[in-house]
$ cat run-v8.pdb   # PDB, C-alpha atoms
ATOM      1  CA  MET Z   1      -9.424-107.840 221.008
ATOM      2  CA  GLN Z   2      -7.226-110.758 220.072
ATOM      3  CA  HIS Z   3      -3.774-110.023 218.629
ATOM      4  CA  ARG Z   4      -2.081-112.385 216.266
ATOM      5  CA  ILE Z   5       1.572-112.966 217.046
ATOM      6  CA  THR Z   6       3.717-113.464 213.970
ATOM      7  CA  PRO Z   7       7.405-114.344 214.336
ATOM      8  CA  LYS Z   8       9.740-112.031 212.471
ATOM      9  CA  HIS Z   9      11.630-114.863 210.853
ATOM     10  CA  LEU Z  10       9.782-117.995 209.866
ATOM     11  CA  SER Z  11      11.818-121.117 209.475
ATOM     12  CA  LEU Z  12      12.106-122.423 205.943
ATOM     13  CA  GLY Z  13      10.049-125.488 206.898
ATOM     14  CA  THR Z  14       7.240-123.415 208.362
ATOM     15  CA  ALA Z  15       7.241-121.131 205.325
ATOM     16  CA  LEU Z  16       7.190-124.148 203.021
ATOM     17  CA  ARG Z  17       4.198-125.600 204.867
ATOM     18  CA  GLN Z  18       2.319-122.281 204.818
ATOM     19  CA  MET Z  19       2.890-121.768 201.092
ATOM     20  CA  ARG Z  20       1.869-125.349 200.330
ATOM     21  CA  LEU Z  21      -1.335-124.977 202.348
ATOM     22  CA  LEU Z  22      -2.112-121.597 200.755
ATOM     23  CA  ARG Z  23      -1.869-123.270 197.357
ATOM     24  CA  GLY Z  24      -4.136-126.093 198.516
ATOM     25  CA  ILE Z  25      -1.522-128.732 197.727
ATOM     26  CA  LYS Z  26      -1.425-131.899 199.823
ATOM     27  CA  GLN Z  27       1.919-133.171 201.108
ATOM     28  CA  THR Z  28       1.695-136.288 198.949
ATOM     29  CA  HIS Z  29       1.063-134.244 195.805
ATOM     30  CA  PHE Z  30       3.858-131.801 196.656
ATOM     31  CA  ALA Z  31       6.179-134.757 197.266
ATOM     32  CA  GLN Z  32       5.345-136.084 193.800
ATOM     33  CA  LEU Z  33       6.038-132.676 192.251
ATOM     34  CA  MET Z  34       9.370-132.502 194.081
ATOM     35  CA  GLY Z  35      10.353-136.091 193.224
ATOM     36  CA  VAL Z  36      10.548-137.218 196.863
ATOM     37  CA  ASN Z  37       8.300-139.156 199.224
ATOM     38  CA  GLN Z  38       5.716-137.661 201.570
ATOM     39  CA  ALA Z  39       7.850-138.371 204.650
ATOM     40  CA  THR Z  40      10.619-136.170 203.234
ATOM     41  CA  VAL Z  41       8.219-133.253 202.805
ATOM     42  CA  SER Z  42       6.988-133.776 206.369
ATOM     43  CA  ARG Z  43      10.574-133.716 207.670
ATOM     44  CA  TRP Z  44      11.293-130.517 205.697
ATOM     45  CA  GLU Z  45       8.231-128.825 207.139
ATOM     46  CA  ARG Z  46       9.121-129.837 210.705
ATOM     47  CA  GLY Z  47      12.680-128.547 210.231
ATOM     48  CA  GLN Z  48      14.181-132.023 210.623
ATOM     49  CA  LEU Z  49      15.716-132.134 207.149
ATOM     50  CA  ALA Z  50      17.241-129.339 205.094
ATOM     51  CA  LEU Z  51      16.375-128.806 201.453
ATOM     52  CA  SER Z  52      19.265-128.660 199.020
ATOM     53  CA  ALA Z  53      19.720-125.461 197.016
ATOM     54  CA  ALA Z  54      18.198-127.186 193.961
ATOM     55  CA  GLN Z  55      15.224-128.392 196.016
ATOM     56  CA  GLN Z  56      14.707-124.883 197.415
ATOM     57  CA  ALA Z  57      14.695-123.472 193.876
ATOM     58  CA  THR Z  58      12.186-126.098 192.713
ATOM     59  CA  ALA Z  59       9.938-125.537 195.734
ATOM     60  CA  HIS Z  60      10.046-121.783 195.150
ATOM     61  CA  ARG Z  61       9.145-122.243 191.468
ATOM     62  CA  LEU Z  62       6.215-124.499 192.363
ATOM     63  CA  LEU Z  63       4.843-122.509 195.287
ATOM     64  CA  ALA Z  64       5.737-118.875 194.653
ATOM     65  CA  ALA Z  65       4.624-118.714 191.037
ATOM     66  CA  ALA Z  66       1.337-116.937 190.571
ATOM     67  CA  GLN Z  67      -1.433-119.337 189.768
ATOM     68  CA  ASP Z  68      -3.433-118.208 186.789
ATOM     69  CA  ALA Z  69      -6.236-120.625 186.085
ATOM     70  CA  SER Z  70      -7.347-118.492 183.153
ATOM     71  CA  ARG Z  71      -4.069-119.324 181.390
ATOM     72  CA  ASP Z  72      -4.826-123.035 181.648
ATOM     73  CA  ALA Z  73      -8.402-122.443 180.501
ATOM     74  CA  ALA Z  74      -7.064-120.577 177.449
ATOM     75  CA  LEU Z  75      -4.659-123.433 176.687
ATOM     76  CA  LYS Z  76      -7.494-125.933 176.968
ATOM     77  CA  ARG Z  77      -9.644-123.838 174.596
ATOM     78  CA  LEU Z  78      -6.772-123.645 172.078
ATOM     79  CA  VAL Z  79      -6.328-127.418 172.138
ATOM     80  CA  GLU Z  80     -10.074-128.067 171.929
ATOM     81  CA  SER Z  81     -10.479-125.712 168.960
ATOM     82  CA  SER Z  82      -7.407-126.841 167.026
ATOM     83  CA  THR Z  83      -7.904-128.365 163.588
ATOM     84  CA  ARG Z  84      -4.780-130.491 164.118
ATOM     85  CA  LYS Z  85      -4.689-133.862 165.842
ATOM     86  CA  VAL Z  86      -3.573-132.710 169.273
ATOM     87  CA  HIS Z  87      -4.236-133.461 172.909
ATOM     88  CA  LEU Z  88      -2.966-132.190 176.271
ATOM     89  CA  ILE Z  89      -1.988-134.464 179.143
ATOM     90  CA  CYS Z  90      -0.342-134.067 182.539
ATOM     91  CA  ASP Z  91       3.333-134.803 181.855
ATOM     92  CA  ARG Z  92       3.817-137.010 184.925
ATOM     93  CA  THR Z  93       0.481-138.839 185.237
ATOM     94  CA  HIS Z  94      -0.617-138.823 181.574
ATOM     95  CA  ARG Z  95      -4.117-137.724 182.633
ATOM     96  CA  LEU Z  96      -6.050-136.316 179.696
ATOM     97  CA  LEU Z  97      -6.709-132.590 180.087
ATOM     98  CA  ALA Z  98      -7.994-131.627 176.614
ATOM     99  CA  ALA Z  99      -8.292-133.004 173.075
ATOM    100  CA  SER Z 100      -8.978-131.445 169.681
ATOM    101  CA  PRO Z 101     -12.011-132.559 167.642
ATOM    102  CA  SER Z 102      -9.759-134.228 165.050
ATOM    103  CA  ARG Z 103      -7.960-136.183 167.798
ATOM    104  CA  GLN Z 104     -11.294-137.162 169.334
ATOM    105  CA  ALA Z 105     -12.514-138.323 165.917
ATOM    106  CA  GLU Z 106      -9.795-141.017 165.991
ATOM    107  CA  TRP Z 107     -11.182-142.460 169.220
ATOM    108  CA  ARG Z 108     -14.058-144.940 169.382
ATOM    109  CA  ALA Z 109     -15.457-143.410 172.576
ATOM    110  CA  ASP Z 110     -16.445-139.981 173.852
ATOM    111  CA  ALA Z 111     -13.364-138.058 175.035
ATOM    112  CA  ALA Z 112     -15.334-136.966 178.114
ATOM    113  CA  GLU Z 113     -15.015-140.564 179.353
ATOM    114  CA  PHE Z 114     -11.234-140.140 179.432
ATOM    115  CA  MET Z 115     -10.901-136.626 180.880
ATOM    116  CA  GLY Z 116      -8.852-136.799 184.047
ATOM    117  CA  ARG Z 117      -7.869-140.416 183.360
ATOM    118  CA  SER Z 118      -4.389-141.604 182.415
ATOM    119  CA  LEU Z 119      -3.896-142.557 178.775
ATOM    120  CA  ILE Z 120      -0.614-144.432 179.364
ATOM    121  CA  GLY Z 121      -2.412-147.779 179.159
ATOM    122  CA  TYR Z 122      -3.100-147.106 175.465
ATOM    123  CA  ALA Z 123       0.530-146.330 174.575
ATOM    124  CA  SER Z 124       2.318-148.405 171.954
ATOM    125  CA  GLU Z 125       5.669-150.076 172.655
ATOM    126  CA  GLU Z 126       7.456-147.222 170.847
ATOM    127  CA  ILE Z 127       5.733-144.599 172.973
ATOM    128  CA  LEU Z 128       6.557-146.501 176.165
ATOM    129  CA  ALA Z 129      10.216-146.764 175.085
ATOM    130  CA  ALA Z 130      10.344-143.019 174.382
ATOM    131  CA  GLU Z 131       8.698-142.358 177.744
ATOM    132  CA  ALA Z 132      11.316-144.504 179.514
ATOM    133  CA  ALA Z 133      14.124-142.500 177.881
ATOM    134  CA  LEU Z 134      12.853-139.069 178.998
ATOM    135  CA  ASP Z 135      14.783-138.848 182.277
ATOM    136  CA  GLY Z 136      18.051-139.609 180.511
ATOM    137  CA  LEU Z 137      17.336-136.815 178.034
ATOM    138  CA  GLY Z 138      16.715-134.282 180.818
ATOM    139  CA  TRP Z 139      13.014-133.952 179.958
ATOM    140  CA  HIS Z 140      11.701-133.965 183.524
ATOM    141  CA  ALA Z 141      14.511-131.642 184.638
ATOM    142  CA  GLY Z 142      13.312-129.093 182.073
ATOM    143  CA  GLU Z 143      16.443-129.369 179.911
ATOM    144  CA  LEU Z 144      14.401-130.405 176.884
ATOM    145  CA  SER Z 145      11.149-128.701 175.932
ATOM    146  CA  SER Z 146      10.131-130.606 172.801
ATOM    147  CA  LEU Z 147      10.794-133.993 171.282
ATOM    148  CA  GLU Z 148       9.585-135.708 168.135
ATOM    149  CA  ILE Z 149       9.065-139.460 168.465
ATOM    150  CA  ALA Z 150       7.928-142.371 166.324
ATOM    151  CA  THR Z 151       4.708-144.098 167.286
ATOM    152  CA  GLY Z 152       3.892-147.664 166.517
ATOM    153  CA  ALA Z 153       0.382-149.016 166.260
ATOM    154  CA  ASN Z 154      -1.271-150.201 169.457
ATOM    155  CA  ALA Z 155      -4.217-152.073 167.855
ATOM    156  CA  ASP Z 156      -6.524-150.833 170.612
ATOM    157  CA  PRO Z 157     -10.194-150.767 169.559
ATOM    158  CA  VAL Z 158     -11.110-147.767 171.763
ATOM    159  CA  ILE Z 159      -8.133-145.403 171.433
ATOM    160  CA  PRO Z 160      -6.214-146.663 168.417
ATOM    161  CA  ILE Z 161      -2.743-145.322 167.693
ATOM    162  CA  VAL Z 162      -1.360-145.671 164.183
ATOM    163  CA  SER Z 163       2.289-145.752 163.181
ATOM    164  CA  GLY Z 164       3.581-142.257 162.581
ATOM    165  CA  ARG Z 165       5.275-139.377 164.355
ATOM    166  CA  VAL Z 166       4.182-137.063 167.160
ATOM    167  CA  LEU Z 167       5.661-133.963 168.702
ATOM    168  CA  TRP Z 168       5.779-133.777 172.492
ATOM    169  CA  GLU Z 169       6.008-130.275 173.967
ATOM    170  CA  ARG Z 170       6.344-129.410 177.677
ATOM    171  CA  ILE Z 171       4.298-126.532 179.035
ATOM    172  CA  ALA Z 172       3.988-125.205 182.595
ATOM    173  CA  LEU Z 173       0.494-125.310 184.073
ATOM    174  CA  ALA Z 174      -0.880-122.892 186.651
ATOM    175  CA  ASP Z 175      -1.001-125.498 189.433
ATOM    176  CA  GLY Z 176       2.764-126.039 189.254
ATOM    177  CA  LEU Z 177       2.476-129.197 187.216
ATOM    178  CA  VAL Z 178       3.812-129.621 183.713
ATOM    179  CA  GLY Z 179       1.596-130.474 180.776
ATOM    180  CA  ARG Z 180       2.518-132.196 177.552
ATOM    181  CA  ILE Z 181       1.008-131.184 174.247
ATOM    182  CA  VAL Z 182       0.960-134.182 171.909
ATOM    183  CA  THR Z 183       0.588-133.257 168.222
ATOM    184  CA  THR Z 184       0.550-135.647 165.286
ATOM    185  CA  VAL Z 185       3.221-134.619 162.768
ATOM    186  CA  ALA Z 186       2.160-134.924 159.142
TER     187      ALA Z 186
END
$ encode --input "run-v8.pdb" --output "C-alpha cells"
Amino acid sequence: MQHRITPKHLSLGTALRQMRLLRGIKQTHFAQLMGVNQATVSRWERGQLALSAAQQATAHRLLAAAQDASRDAALKRLVESSTRKVHLICDRTHRLLAASPSRQAEWRADAAEFMGRSLIGYASEEILAAEAALDGLGWHAGELSSLEIATGANADPVIPIVSGRVLWERIALADGLVGRIVTTVA
C-alpha cells in the first residue's frame, strides 16, 4: 500500500499553484486576472518572489471563492430573457457572454456569431474614451460598481451603435472573472 506524504505546512507558492490547478486556471490566465505577467506567477509558485498583502488578498478572492456555474447560467438566462436592450461581456476582454433579444434585434448578424468574441472593435470613440478612463476611476480595482456613459454612433453595418446612454455594471462571475452588464438607458 502506497502512502501519500503531505507536508504539514505548504509554502504559499505551492498552495497558490495547487489552488490554481484545482480551479483549472492556466498561469497565463491567472496572471491576467492578477494584473501581472506569467513569469511573475511562476516566480510566486516557485517561492522566488513574495506576494504583497494586496496580491495575497486578490489571489485568495480569485481562487478560494466557491465556483458556482449555475449562478452564471442564471445570469445568462436573465440577460437572454430581458425585454431591455442589454448584453453581458467579460469586463477585461469584452467577449460577448449573453445578449437580450432586443439587443440582438439591433444587430445585422446572428448573436451566436459573436459569442465568445470581443466586441471592442465595434466601440464608438466615446465608448473607447470611457473605457480608457476606467482605471483612473477605480473601476478595475472594484471601487466603482456602475457607471453611466454617453455613446456616440459607430456607423458599423453589422453591430451599429447609436448615440445615447448606457449603464455599465460590474458583476463577479463564478470563474473569478468580472462581467459587465451593458444596458441601454432610455
$ closest_residue --input "run-v8.pdb" --among "Z:Trp44, Z:Phe30, Z:Phe114, Z:Trp168" --to "Z:Leu63" --atoms "all atoms listed in the file"
Z:Phe30
$ closest_residue --input "run-v8.pdb" --among "Z:Ala39, Z:Met19, Z:Leu12, Z:Cys90" --to "Z:Gly179" --atoms "only C-alpha atoms"
Z:Cys90
$ closest_residue --input "run-v8.pdb" --among "Z:Arg43, Z:Arg61, Z:His140, Z:Lys76" --to "Z:Arg17" --atoms "all atoms listed in the file"
Z:Arg43
$ axis_aligned_box --input "run-v8.pdb" --around "stretch 94-104 of chain Z" --padding-each-side "8 Å" --output "JSON"
{"center_x": -6.3, "center_y": -135.1, "center_z": 173.8, "size_x": 27.4, "size_y": 23.4, "size_z": 33.6}
$ closest_residue --input "run-v8.pdb" --among "Z:Ile89, Z:Leu62, Z:Val178, Z:Leu49" --to "Z:Ile120" --atoms "all atoms listed in the file"
Z:Ile89
$ residues_around --input "run-v8.pdb" --residues "stretch 130-138 of chain Z" --least-positions-apart "6" --cutoff "10 Å" --atoms "all atoms listed in the file" --output "list in words"
Ile120, Ala123, Ser124, Leu144, Ser145, Leu147, Glu148, Ile149, Ala150 and Thr151 of chain Z
$ residues_around --input "run-v8.pdb" --residues "Z:His29" --least-positions-apart "6" --cutoff "12 Å" --atoms "all atoms listed in the file" --output "PDB file with C-alpha atoms, in the frame of the given file"
ATOM      1  CA  ARG Z  20       1.869-125.349 200.330  1.00  0.00           C
ATOM      2  CA  LEU Z  21      -1.335-124.977 202.348  1.00  0.00           C
ATOM      3  CA  ARG Z  23      -1.869-123.270 197.357  1.00  0.00           C
ATOM      4  CA  GLY Z  35      10.353-136.091 193.224  1.00  0.00           C
ATOM      5  CA  VAL Z  36      10.548-137.218 196.863  1.00  0.00           C
ATOM      6  CA  ASN Z  37       8.300-139.156 199.224  1.00  0.00           C
ATOM      7  CA  GLN Z  38       5.716-137.661 201.570  1.00  0.00           C
ATOM      8  CA  ALA Z  39       7.850-138.371 204.650  1.00  0.00           C
ATOM      9  CA  VAL Z  41       8.219-133.253 202.805  1.00  0.00           C
ATOM     10  CA  LEU Z  62       6.215-124.499 192.363  1.00  0.00           C
ATOM     11  CA  ARG Z  92       3.817-137.010 184.925  1.00  0.00           C
ATOM     12  CA  THR Z  93       0.481-138.839 185.237  1.00  0.00           C
ATOM     13  CA  ASP Z 175      -1.001-125.498 189.433  1.00  0.00           C
ATOM     14  CA  GLY Z 176       2.764-126.039 189.254  1.00  0.00           C
ATOM     15  CA  LEU Z 177       2.476-129.197 187.216  1.00  0.00           C
TER      16      LEU Z 177
END
$ resolve_selection --input "run-v8.pdb" --expression "the PyMOL selection byres ((chain Z and resi 180) around 6)" --output "list in words"
Leu88, Ile89, Asp91, Glu169, Arg170, Gly179 and Ile181 of chain Z
$ closest_residue --input "run-v8.pdb" --among "Z:Gln32, Z:Ser118, Z:Ser81, Z:Thr14" --to "Z:Arg46" --atoms "all atoms listed in the file"
Z:Thr14
$ atom_distance --input "run-v8.pdb" --atom1 "atom CA of Z:Gln56" --atom2 "atom CA of Z:Ser42"
14.8 Å
$ atom_distance --input "run-v8.pdb" --atom1 "atom CA of Z:Ser163" --atom2 "atom CA of Z:Ser100"
19.3 Å
$ atom_distance --input "run-v8.pdb" --atom1 "atom CA of Z:Arg77" --atom2 "atom CA of Z:Ala31"
29.7 Å
$ closest_residue --input "run-v8.pdb" --among "Z:Ala99, Z:Ile171, Z:Ala155, Z:Ala186" --to "Z:Ala112" --atoms "all atoms listed in the file"
Z:Ala99
$ residues_around --input "run-v8.pdb" --residues "Z:Thr183" --least-positions-apart "5" --cutoff "8 Å" --atoms "only C-alpha atoms" --output "VMD selection string"
chain Z and resid 84 to 87 166 to 168
$ build_atoms --input "run-v8.pdb" --residues "stretch 161-172 of chain Z" --atoms "all heavy atoms" --output "PDB file, in the frame of the given file"
ATOM      1  N   ILE Z 161      -3.891-146.135 168.084  1.00  0.00           N
ATOM      2  CA  ILE Z 161      -2.743-145.322 167.693  1.00  0.00           C
ATOM      3  C   ILE Z 161      -2.167-145.964 166.442  1.00  0.00           C
ATOM      4  O   ILE Z 161      -1.958-147.182 166.406  1.00  0.00           O
ATOM      5  CB  ILE Z 161      -1.678-145.273 168.811  1.00  0.00           C
ATOM      6  CG1 ILE Z 161      -2.259-144.600 170.056  1.00  0.00           C
ATOM      7  CG2 ILE Z 161      -0.419-144.540 168.344  1.00  0.00           C
ATOM      8  CD1 ILE Z 161      -1.350-144.643 171.267  1.00  0.00           C
ATOM      9  N   VAL Z 162      -1.943-145.155 165.423  1.00  0.00           N
ATOM     10  CA  VAL Z 162      -1.360-145.671 164.183  1.00  0.00           C
ATOM     11  C   VAL Z 162       0.125-145.326 164.154  1.00  0.00           C
ATOM     12  O   VAL Z 162       0.586-144.428 164.856  1.00  0.00           O
ATOM     13  CB  VAL Z 162      -2.065-145.074 162.937  1.00  0.00           C
ATOM     14  CG1 VAL Z 162      -3.524-145.481 162.901  1.00  0.00           C
ATOM     15  CG2 VAL Z 162      -1.934-143.567 162.914  1.00  0.00           C
ATOM     16  N   SER Z 163       0.868-146.050 163.344  1.00  0.00           N
ATOM     17  CA  SER Z 163       2.289-145.752 163.181  1.00  0.00           C
ATOM     18  C   SER Z 163       2.429-144.366 162.572  1.00  0.00           C
ATOM     19  O   SER Z 163       1.678-143.985 161.673  1.00  0.00           O
ATOM     20  CB  SER Z 163       2.955-146.786 162.277  1.00  0.00           C
ATOM     21  OG  SER Z 163       2.930-148.048 162.895  1.00  0.00           O
ATOM     22  N   GLY Z 164       3.352-143.611 163.082  1.00  0.00           N
ATOM     23  CA  GLY Z 164       3.581-142.257 162.581  1.00  0.00           C
ATOM     24  C   GLY Z 164       4.554-141.523 163.473  1.00  0.00           C
ATOM     25  O   GLY Z 164       5.407-142.137 164.116  1.00  0.00           O
ATOM     26  N   ARG Z 165       4.402-140.210 163.531  1.00  0.00           N
ATOM     27  CA  ARG Z 165       5.275-139.377 164.355  1.00  0.00           C
ATOM     28  C   ARG Z 165       4.419-138.367 165.122  1.00  0.00           C
ATOM     29  O   ARG Z 165       3.422-137.874 164.604  1.00  0.00           O
ATOM     30  CB  ARG Z 165       6.303-138.649 163.507  1.00  0.00           C
ATOM     31  CG  ARG Z 165       7.214-139.640 162.772  1.00  0.00           C
ATOM     32  CD  ARG Z 165       8.473-139.036 162.225  1.00  0.00           C
ATOM     33  NE  ARG Z 165       9.451-138.567 163.188  1.00  0.00           N
ATOM     34  CZ  ARG Z 165      10.255-139.352 163.931  1.00  0.00           C
ATOM     35  NH1 ARG Z 165      10.158-140.658 163.844  1.00  0.00           N
ATOM     36  NH2 ARG Z 165      11.140-138.824 164.746  1.00  0.00           N
ATOM     37  N   VAL Z 166       4.832-138.089 166.366  1.00  0.00           N
ATOM     38  CA  VAL Z 166       4.182-137.063 167.160  1.00  0.00           C
ATOM     39  C   VAL Z 166       5.240-136.143 167.760  1.00  0.00           C
ATOM     40  O   VAL Z 166       6.391-136.548 167.957  1.00  0.00           O
ATOM     41  CB  VAL Z 166       3.288-137.637 168.299  1.00  0.00           C
ATOM     42  CG1 VAL Z 166       2.106-138.390 167.745  1.00  0.00           C
ATOM     43  CG2 VAL Z 166       4.080-138.458 169.268  1.00  0.00           C
ATOM     44  N   LEU Z 167       4.814-134.939 168.036  1.00  0.00           N
ATOM     45  CA  LEU Z 167       5.661-133.963 168.702  1.00  0.00           C
ATOM     46  C   LEU Z 167       5.175-133.824 170.127  1.00  0.00           C
ATOM     47  O   LEU Z 167       3.980-133.595 170.362  1.00  0.00           O
ATOM     48  CB  LEU Z 167       5.572-132.610 167.975  1.00  0.00           C
ATOM     49  CG  LEU Z 167       6.350-131.452 168.604  1.00  0.00           C
ATOM     50  CD1 LEU Z 167       7.853-131.723 168.550  1.00  0.00           C
ATOM     51  CD2 LEU Z 167       5.999-130.146 167.887  1.00  0.00           C
ATOM     52  N   TRP Z 168       6.080-134.002 171.084  1.00  0.00           N
ATOM     53  CA  TRP Z 168       5.779-133.777 172.492  1.00  0.00           C
ATOM     54  C   TRP Z 168       6.353-132.423 172.870  1.00  0.00           C
ATOM     55  O   TRP Z 168       7.530-132.144 172.606  1.00  0.00           O
ATOM     56  CB  TRP Z 168       6.407-134.843 173.383  1.00  0.00           C
ATOM     57  CG  TRP Z 168       5.770-136.191 173.322  1.00  0.00           C
ATOM     58  CD1 TRP Z 168       4.593-136.532 172.739  1.00  0.00           C
ATOM     59  CD2 TRP Z 168       6.298-137.400 173.877  1.00  0.00           C
ATOM     60  NE1 TRP Z 168       4.346-137.873 172.905  1.00  0.00           N
ATOM     61  CE2 TRP Z 168       5.383-138.436 173.600  1.00  0.00           C
ATOM     62  CE3 TRP Z 168       7.447-137.712 174.581  1.00  0.00           C
ATOM     63  CZ2 TRP Z 168       5.582-139.747 174.002  1.00  0.00           C
ATOM     64  CZ3 TRP Z 168       7.656-139.026 174.986  1.00  0.00           C
ATOM     65  CH2 TRP Z 168       6.723-140.035 174.704  1.00  0.00           C
ATOM     66  N   GLU Z 169       5.542-131.587 173.514  1.00  0.00           N
ATOM     67  CA  GLU Z 169       6.008-130.275 173.967  1.00  0.00           C
ATOM     68  C   GLU Z 169       5.613-130.080 175.425  1.00  0.00           C
ATOM     69  O   GLU Z 169       4.458-130.273 175.790  1.00  0.00           O
ATOM     70  CB  GLU Z 169       5.393-129.165 173.109  1.00  0.00           C
ATOM     71  CG  GLU Z 169       5.816-129.241 171.645  1.00  0.00           C
ATOM     72  CD  GLU Z 169       5.069-128.267 170.773  1.00  0.00           C
ATOM     73  OE1 GLU Z 169       3.877-128.546 170.490  1.00  0.00           O
ATOM     74  OE2 GLU Z 169       5.663-127.243 170.398  1.00  0.00           O
ATOM     75  N   ARG Z 170       6.593-129.680 176.251  1.00  0.00           N
ATOM     76  CA  ARG Z 170       6.344-129.410 177.677  1.00  0.00           C
ATOM     77  C   ARG Z 170       5.808-128.002 177.841  1.00  0.00           C
ATOM     78  O   ARG Z 170       6.269-127.079 177.186  1.00  0.00           O
ATOM     79  CB  ARG Z 170       7.652-129.508 178.476  1.00  0.00           C
ATOM     80  CG  ARG Z 170       8.155-130.901 178.699  1.00  0.00           C
ATOM     81  CD  ARG Z 170       9.516-130.883 179.402  1.00  0.00           C
ATOM     82  NE  ARG Z 170       9.571-130.032 180.568  1.00  0.00           N
ATOM     83  CZ  ARG Z 170       9.355-130.428 181.824  1.00  0.00           C
ATOM     84  NH1 ARG Z 170       9.060-131.683 182.057  1.00  0.00           N
ATOM     85  NH2 ARG Z 170       9.436-129.585 182.831  1.00  0.00           N
ATOM     86  N   ILE Z 171       4.838-127.857 178.750  1.00  0.00           N
ATOM     87  CA  ILE Z 171       4.298-126.532 179.035  1.00  0.00           C
ATOM     88  C   ILE Z 171       3.915-126.469 180.516  1.00  0.00           C
ATOM     89  O   ILE Z 171       3.312-127.402 181.050  1.00  0.00           O
ATOM     90  CB  ILE Z 171       3.085-126.196 178.120  1.00  0.00           C
ATOM     91  CG1 ILE Z 171       2.654-124.764 178.319  1.00  0.00           C
ATOM     92  CG2 ILE Z 171       1.956-127.181 178.308  1.00  0.00           C
ATOM     93  CD1 ILE Z 171       1.765-124.230 177.226  1.00  0.00           C
ATOM     94  N   ALA Z 172       4.309-125.378 181.183  1.00  0.00           N
ATOM     95  CA  ALA Z 172       3.988-125.205 182.595  1.00  0.00           C
ATOM     96  C   ALA Z 172       2.501-124.922 182.749  1.00  0.00           C
ATOM     97  O   ALA Z 172       1.921-124.164 181.985  1.00  0.00           O
ATOM     98  CB  ALA Z 172       4.806-124.055 183.175  1.00  0.00           C
TER      99      ALA Z 172
END
